[in-house]
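**Student:** Pasting data_9.cif below, which is mmCIF, C-alpha atoms.
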```cif
data_start
#
loop_
_atom_site.label_atom_id
_atom_site.label_comp_id
_atom_site.auth_asym_id
_atom_site.auth_seq_id
_atom_site.Cartn_x
_atom_site.Cartn_y
_atom_site.Cartn_z
CA MET Z 2 30.33 -123.90 -156.37
CA GLY Z 3 30.30 -120.40 -157.70
CA THR Z 4 30.23 -116.76 -156.86
CA ASP Z 5 27.08 -114.72 -157.05
CA TYR Z 6 27.25 -111.09 -158.12
CA SER Z 7 24.59 -108.48 -158.27
CA SER Z 8 24.70 -104.82 -158.98
CA GLU Z 9 22.41 -102.08 -157.76
CA SER Z 10 22.13 -98.39 -158.40
CA ALA Z 11 20.20 -95.57 -156.79
CA ILE Z 12 19.91 -91.88 -156.22
CA ILE Z 13 21.22 -91.49 -152.68
CA VAL Z 14 19.98 -88.76 -150.36
CA ASP Z 15 21.54 -88.10 -146.96
CA LEU Z 16 19.76 -87.89 -143.60
CA GLU Z 17 20.12 -84.13 -143.31
CA SER Z 18 18.34 -83.59 -146.63
CA MET Z 19 15.50 -85.88 -145.57
CA ILE Z 20 15.16 -84.14 -142.22
CA GLY Z 21 14.92 -80.93 -144.24
CA LEU Z 22 11.49 -82.11 -145.44
CA ILE Z 23 10.14 -81.29 -141.99
CA ASN Z 24 9.04 -77.68 -141.59
CA GLY Z 25 6.60 -75.55 -139.63
CA LYS Z 26 3.74 -76.37 -141.99
CA ASN Z 27 4.02 -80.13 -141.60
CA LYS Z 28 5.43 -80.37 -138.05
CA LYS Z 29 2.11 -81.39 -136.48
CA ALA Z 30 1.50 -84.10 -139.09
CA THR Z 31 5.12 -85.27 -138.73
CA LEU Z 32 4.68 -85.57 -134.96
CA GLU Z 33 1.59 -87.71 -135.56
CA VAL Z 34 3.58 -89.90 -137.97
CA ILE Z 35 6.39 -90.30 -135.43
CA GLN Z 36 3.94 -91.26 -132.67
CA SER Z 37 2.23 -93.79 -134.93
CA PHE Z 38 5.64 -95.27 -135.79
CA VAL Z 39 6.63 -95.49 -132.11
CA ASP Z 40 3.31 -97.12 -131.17
CA LYS Z 41 3.58 -99.68 -133.98
CA ILE Z 42 7.17 -100.69 -133.26
CA MET Z 43 6.64 -100.76 -129.46
CA ALA Z 44 3.64 -103.08 -129.92
CA ASP Z 45 5.63 -105.56 -132.05
CA GLN Z 46 6.44 -108.61 -129.94
CA TYR Z 47 9.86 -108.94 -131.59
CA THR Z 48 11.05 -105.42 -130.73
CA SER Z 49 14.10 -105.64 -128.47
CA GLU Z 50 14.34 -103.88 -125.13
CA GLU Z 51 17.26 -101.85 -126.52
CA THR Z 52 15.12 -100.58 -129.39
CA LYS Z 53 12.26 -99.80 -127.01
CA GLU Z 54 14.63 -97.61 -124.97
CA TRP Z 55 15.56 -95.70 -128.13
CA LEU Z 56 11.89 -95.37 -129.12
CA LYS Z 57 11.09 -93.74 -125.77
CA LYS Z 58 13.14 -90.76 -126.97
CA LEU Z 59 10.53 -90.22 -129.72
CA ASP Z 60 7.48 -91.19 -127.67
CA LYS Z 61 4.93 -88.51 -126.83
CA ILE Z 62 6.92 -85.57 -128.17
CA PRO Z 63 5.02 -82.43 -127.12
CA SER Z 64 3.39 -80.49 -129.95
CA ASN Z 65 5.10 -77.27 -128.82
CA ILE Z 66 8.59 -78.68 -129.42
CA LYS Z 67 10.78 -76.34 -131.44
CA LEU Z 68 11.44 -77.48 -134.99
CA GLY Z 69 15.20 -77.56 -134.42
CA GLU Z 70 14.77 -79.77 -131.35
CA LEU Z 71 12.55 -82.19 -133.28
CA LYS Z 72 15.13 -82.45 -136.04
CA GLU Z 73 17.88 -83.08 -133.48
CA LYS Z 74 15.84 -85.91 -131.93
CA LEU Z 75 15.58 -87.51 -135.37
CA ARG Z 76 19.32 -87.11 -135.97
CA GLU Z 77 20.05 -88.81 -132.65
CA PHE Z 78 17.57 -91.61 -133.41
CA HIS Z 79 19.52 -92.38 -136.60
CA ALA Z 80 22.90 -92.69 -134.86
CA ILE Z 81 25.25 -95.30 -136.31
CA LYS Z 82 27.46 -97.82 -134.55
CA GLY Z 83 30.36 -99.67 -136.11
CA SER Z 84 32.71 -98.82 -138.94
CA ALA Z 85 33.35 -99.55 -142.57
CA GLY Z 86 35.71 -102.34 -143.53
CA LYS Z 87 37.67 -103.35 -146.59
CA TYR Z 88 35.13 -105.95 -147.75
CA ASP Z 89 32.46 -105.95 -145.04
CA GLY Z 90 31.97 -103.50 -142.25
CA ASP Z 91 29.85 -103.69 -139.16
CA CYS Z 92 27.81 -100.50 -139.44
CA HIS Z 93 24.29 -100.60 -138.09
CA PHE Z 94 21.73 -98.34 -136.47
CA ALA Z 95 22.56 -97.81 -132.79
CA ASN Z 96 18.84 -98.12 -132.03
CA GLY Z 97 18.89 -101.79 -133.08
CA MET Z 98 16.54 -101.27 -136.01
CA TRP Z 99 17.01 -102.20 -139.65
CA GLY Z 100 16.59 -99.98 -142.70
CA GLU Z 101 13.28 -101.71 -143.45
CA ASP Z 102 12.03 -100.62 -140.03
CA MET Z 103 13.11 -97.03 -140.63
CA MET Z 104 11.23 -97.01 -143.94
CA ILE Z 105 7.97 -97.36 -141.99
CA LEU Z 106 8.71 -93.95 -140.49
CA TRP Z 107 10.15 -92.21 -143.54
CA GLU Z 108 7.56 -93.27 -146.10
CA ASP Z 109 4.95 -91.55 -143.94
CA VAL Z 110 7.14 -88.50 -143.28
CA ILE Z 111 7.50 -88.13 -147.05
CA ASP Z 112 3.71 -88.43 -147.45
CA VAL Z 113 2.99 -85.58 -145.02
CA SER Z 114 5.74 -83.35 -146.43
CA ASN Z 115 3.46 -82.32 -149.32
CA ILE Z 116 6.35 -82.75 -151.75
CA VAL Z 117 5.91 -85.43 -154.39
CA LEU Z 118 8.99 -87.65 -154.30
CA PRO Z 119 9.73 -90.98 -155.93
CA ASP Z 120 9.09 -94.08 -153.85
CA LEU Z 121 11.78 -94.81 -151.30
CA ASP Z 122 13.51 -98.08 -152.24
CA GLN Z 123 15.59 -98.62 -149.14
CA ILE Z 124 17.38 -97.03 -146.22
CA ARG Z 125 20.82 -98.42 -145.54
CA ILE Z 126 24.29 -97.78 -144.23
CA PHE Z 127 27.08 -98.53 -146.70
CA ASP Z 128 30.11 -100.04 -145.01
CA SER Z 129 32.49 -101.61 -147.53
CA TYR Z 130 35.45 -99.70 -148.95
CA ARG Z 131 35.80 -102.18 -151.82
CA GLN Z 132 32.21 -103.03 -152.72
CA GLN Z 133 30.60 -99.61 -152.28
CA VAL Z 134 33.33 -97.34 -153.61
CA ASP Z 135 31.18 -94.40 -154.74
CA CYS Z 136 28.70 -94.63 -151.86
CA PRO Z 137 28.74 -92.51 -148.71
CA LEU Z 138 30.25 -94.81 -146.07
CA GLU Z 139 29.16 -94.86 -142.43
CA GLU Z 140 26.16 -92.61 -143.12
CA VAL Z 141 22.42 -93.16 -143.31
CA SER Z 142 21.55 -93.34 -147.01
CA PHE Z 143 18.05 -93.00 -148.43
CA CYS Z 144 18.01 -94.82 -151.78
CA PHE Z 145 15.59 -93.88 -154.56
CA ASN Z 146 15.29 -95.68 -157.89
CA ALA Z 147 17.11 -93.59 -160.50
CA GLU Z 148 14.54 -94.53 -163.15
CA ASP Z 149 11.85 -92.84 -161.04
CA CYS Z 150 13.86 -89.61 -161.15
CA TYR Z 151 14.56 -89.26 -164.87
CA GLU Z 152 12.67 -89.45 -168.13
CA LYS Z 153 14.50 -90.94 -171.08
CA LYS Z 154 13.68 -89.80 -174.58
CA LEU Z 155 15.06 -91.03 -177.84
CA ASN Z 156 17.28 -88.60 -179.68
CA GLN Z 157 17.39 -88.56 -183.49
CA THR Z 158 20.03 -91.29 -183.82
CA GLY Z 159 18.04 -93.47 -181.41
CA LYS Z 160 14.91 -92.92 -183.50
CA ASN Z 161 16.85 -93.93 -186.61
CA LEU Z 162 18.03 -97.13 -184.88
CA GLU Z 163 14.48 -97.88 -183.77
CA LYS Z 164 13.31 -97.60 -187.40
CA ILE Z 165 15.70 -100.28 -188.54
CA ALA Z 166 15.41 -102.55 -185.47
CA GLY Z 167 11.70 -102.23 -184.82
CA ASN Z 168 12.16 -102.08 -181.03
CA LEU Z 169 14.94 -100.90 -178.76
CA TRP Z 170 15.52 -102.89 -175.60
CA GLU Z 171 17.97 -101.50 -173.14
CA THR Z 172 19.78 -104.38 -171.48
CA SER Z 173 22.17 -104.57 -168.57
CA TRP Z 174 24.36 -107.42 -167.42
CA THR Z 175 27.26 -108.34 -165.24
CA THR Z 176 30.24 -110.27 -166.49
CA VAL Z 177 32.05 -112.51 -164.03
CA SER Z 178 35.29 -114.30 -164.77
CA TYR Z 179 36.60 -117.22 -162.73
#
```
What would you get if you wrote out this structure as structure tokens?
**Tutor:**
Amino acid sequence: MGTDYSSESAIIVDLESMIGLINGKNKKATLEVIQSFVDKIMADQYTSEETKEWLKKLDKIPSNIKLGELKEKLREFHAIKGSAGKYDGDCHFANGMWGEDMMILWEDVIDVSNIVLPDLDQIRIFDSYRQQVDCPLEEVSFCFNAEDCYEKKLNQTGKNLEKIAGNLWETSWTTVSY
């Protein structure tokens, strides 16, 4: 018997920032993405009736909807139920969907935004005071791989070390004591 540990890291972006990708220039394409998402999830035989009710709020949004109203619909669709706990909370999307489901929508919204962003790794709701200390709790979090956001270059001392070692391998690990 043992304890498994894993560590993750990401660049976290909040829902409001992601909704900010939607503007007058890409509203029509975003509406098409939303409709495609609704159609796909509604057609899935495993979609719950509760989720279908939530999806109806995004179904057949008229093209003349005001941008602010569209953004508000998306905010409402991402409502959260539950609360954070000391070790484990019970936060989840009120619409009954999982972060993986929401990625279907947001990967396409990112594509039509005409802004090149790193690939979206996951969408989640952090809900543990102890395990996710530096994370935004009880909020929708869009997680991007930090390595996709930065370029690392060797400085002079790193170049000197590379000369004597031949190769530099950056390694990470977790130490667990029992």
**Student:** Report the closest atom pair, with its distance in Å rounded to one decimal, for each residue of segment 17-117 of chain Z that has an atom no farther than 12 Å from segment 142-157 of chain Z; count only C-alpha atoms, sort by chain and then rising residue number, and write it as a Markdown table.
**Tutor:**
```
| residue | atom | partner | partner_atom | distance |
| --- | --- | --- | --- | --- |
| Z:Glu17 | CA | Z:Ser142 | CA | 10.0 |
| Z:Ser18 | CA | Z:Phe143 | CA | 9.6 |
| Z:Met19 | CA | Z:Phe143 | CA | 8.1 |
| Z:Ile20 | CA | Z:Phe143 | CA | 11.2 |
| Z:His79 | CA | Z:Ser142 | CA | 10.6 |
| Z:Ile81 | CA | Z:Ser142 | CA | 11.5 |
| Z:His93 | CA | Z:Ser142 | CA | 11.8 |
| Z:Phe94 | CA | Z:Ser142 | CA | 11.7 |
| Z:Gly100 | CA | Z:Phe143 | CA | 9.1 |
| Z:Glu101 | CA | Z:Phe143 | CA | 11.1 |
| Z:Met103 | CA | Z:Phe143 | CA | 10.1 |
| Z:Met104 | CA | Z:Phe143 | CA | 9.1 |
| Z:Trp107 | CA | Z:Phe143 | CA | 9.3 |
| Z:Glu108 | CA | Z:Phe143 | CA | 10.7 |
| Z:Ile111 | CA | Z:Phe143 | CA | 11.7 |
| Z:Val117 | CA | Z:Cys150 | CA | 11.2 |
```
**Student:** Care to translate the PyMOL selection byres ((chain Z and resi 74) around 12) into actual residues of this file, as a VMD selection string?
**Tutor:** chain Z and resid 20 32 35 55 to 60 62 66 to 73 75 to 80
**Student:** Which residue gives the smallest distance to Gly21 of chain Z among Z:Ala166, Z:Ile116, Z:Met98, Z:Val39, with all atoms listed in the file counted?
**Tutor:** Z:Ile116
**Student:** Could you tell me which residues the PyMOL selection byres ((chain Z and resi 86) around 12) returns for this structure, as a short mmCIF file (atom, residue, chain, number, x, y, z; two decimals) with C-alpha atoms, in the coordinates of the input?
**Tutor:**
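Result file follows (selection.cif):
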```
data_model
loop_
_atom_site.label_atom_id
_atom_site.label_comp_id
_atom_site.auth_asym_id
_atom_site.auth_seq_id
_atom_site.Cartn_x
_atom_site.Cartn_y
_atom_site.Cartn_z
CA GLY Z 83 30.36 -99.67 -136.11
CA SER Z 84 32.71 -98.82 -138.94
CA ALA Z 85 33.35 -99.55 -142.57
CA LYS Z 87 37.67 -103.35 -146.59
CA TYR Z 88 35.13 -105.95 -147.75
CA ASP Z 89 32.46 -105.95 -145.04
CA GLY Z 90 31.97 -103.50 -142.25
CA ASP Z 91 29.85 -103.69 -139.16
CA CYS Z 92 27.81 -100.50 -139.44
CA PHE Z 127 27.08 -98.53 -146.70
CA ASP Z 128 30.11 -100.04 -145.01
CA SER Z 129 32.49 -101.61 -147.53
CA TYR Z 130 35.45 -99.70 -148.95
CA ARG Z 131 35.80 -102.18 -151.82
CA GLN Z 132 32.21 -103.03 -152.72
CA GLN Z 133 30.60 -99.61 -152.28
CA VAL Z 134 33.33 -97.34 -153.61
CA LEU Z 138 30.25 -94.81 -146.07
CA GLU Z 139 29.16 -94.86 -142.43
#
```
**Student:** What does the structure give for the distance between atom CA of Ala30 of chain Z and atom CA of Ser114 of chain Z, in Å to one decimal?
**Tutor:** 8.5 Å
**Student:** Report the distance between atom CA of Thr48 of chain Z and atom CA of Thr31 of chain Z in Å, rounded to one decimal place.
**Tutor:**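 Atom-to-atom, atom CA of Thr48 of chain Z to atom CA of Thr31 of chain Z, that is 22.5 Å.
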**Student:** Just how far from atom CA of Lys82 of chain Z is atom CA of Asp15 of chain Z, in Å to one decimal?
**Tutor:**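 These two atoms are separated by 16.8 Å.
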**Student:** Quick one: of Z:Leu106, Z:Leu16, Z:Val141, Z:Trp99, who's nearest to Asp40 of chain Z, counting all atoms listed in the file?
**Tutor:**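 So, comparing all the options, the nearest one is Z:Leu106.
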**Student:** Quick one: of Z:Asp120, Z:Asp112, Z:Glu51, Z:Glu140, who's nearest to Gly97 of chain Z, counting all atoms listed in the file?
**Tutor:** Z:Glu51
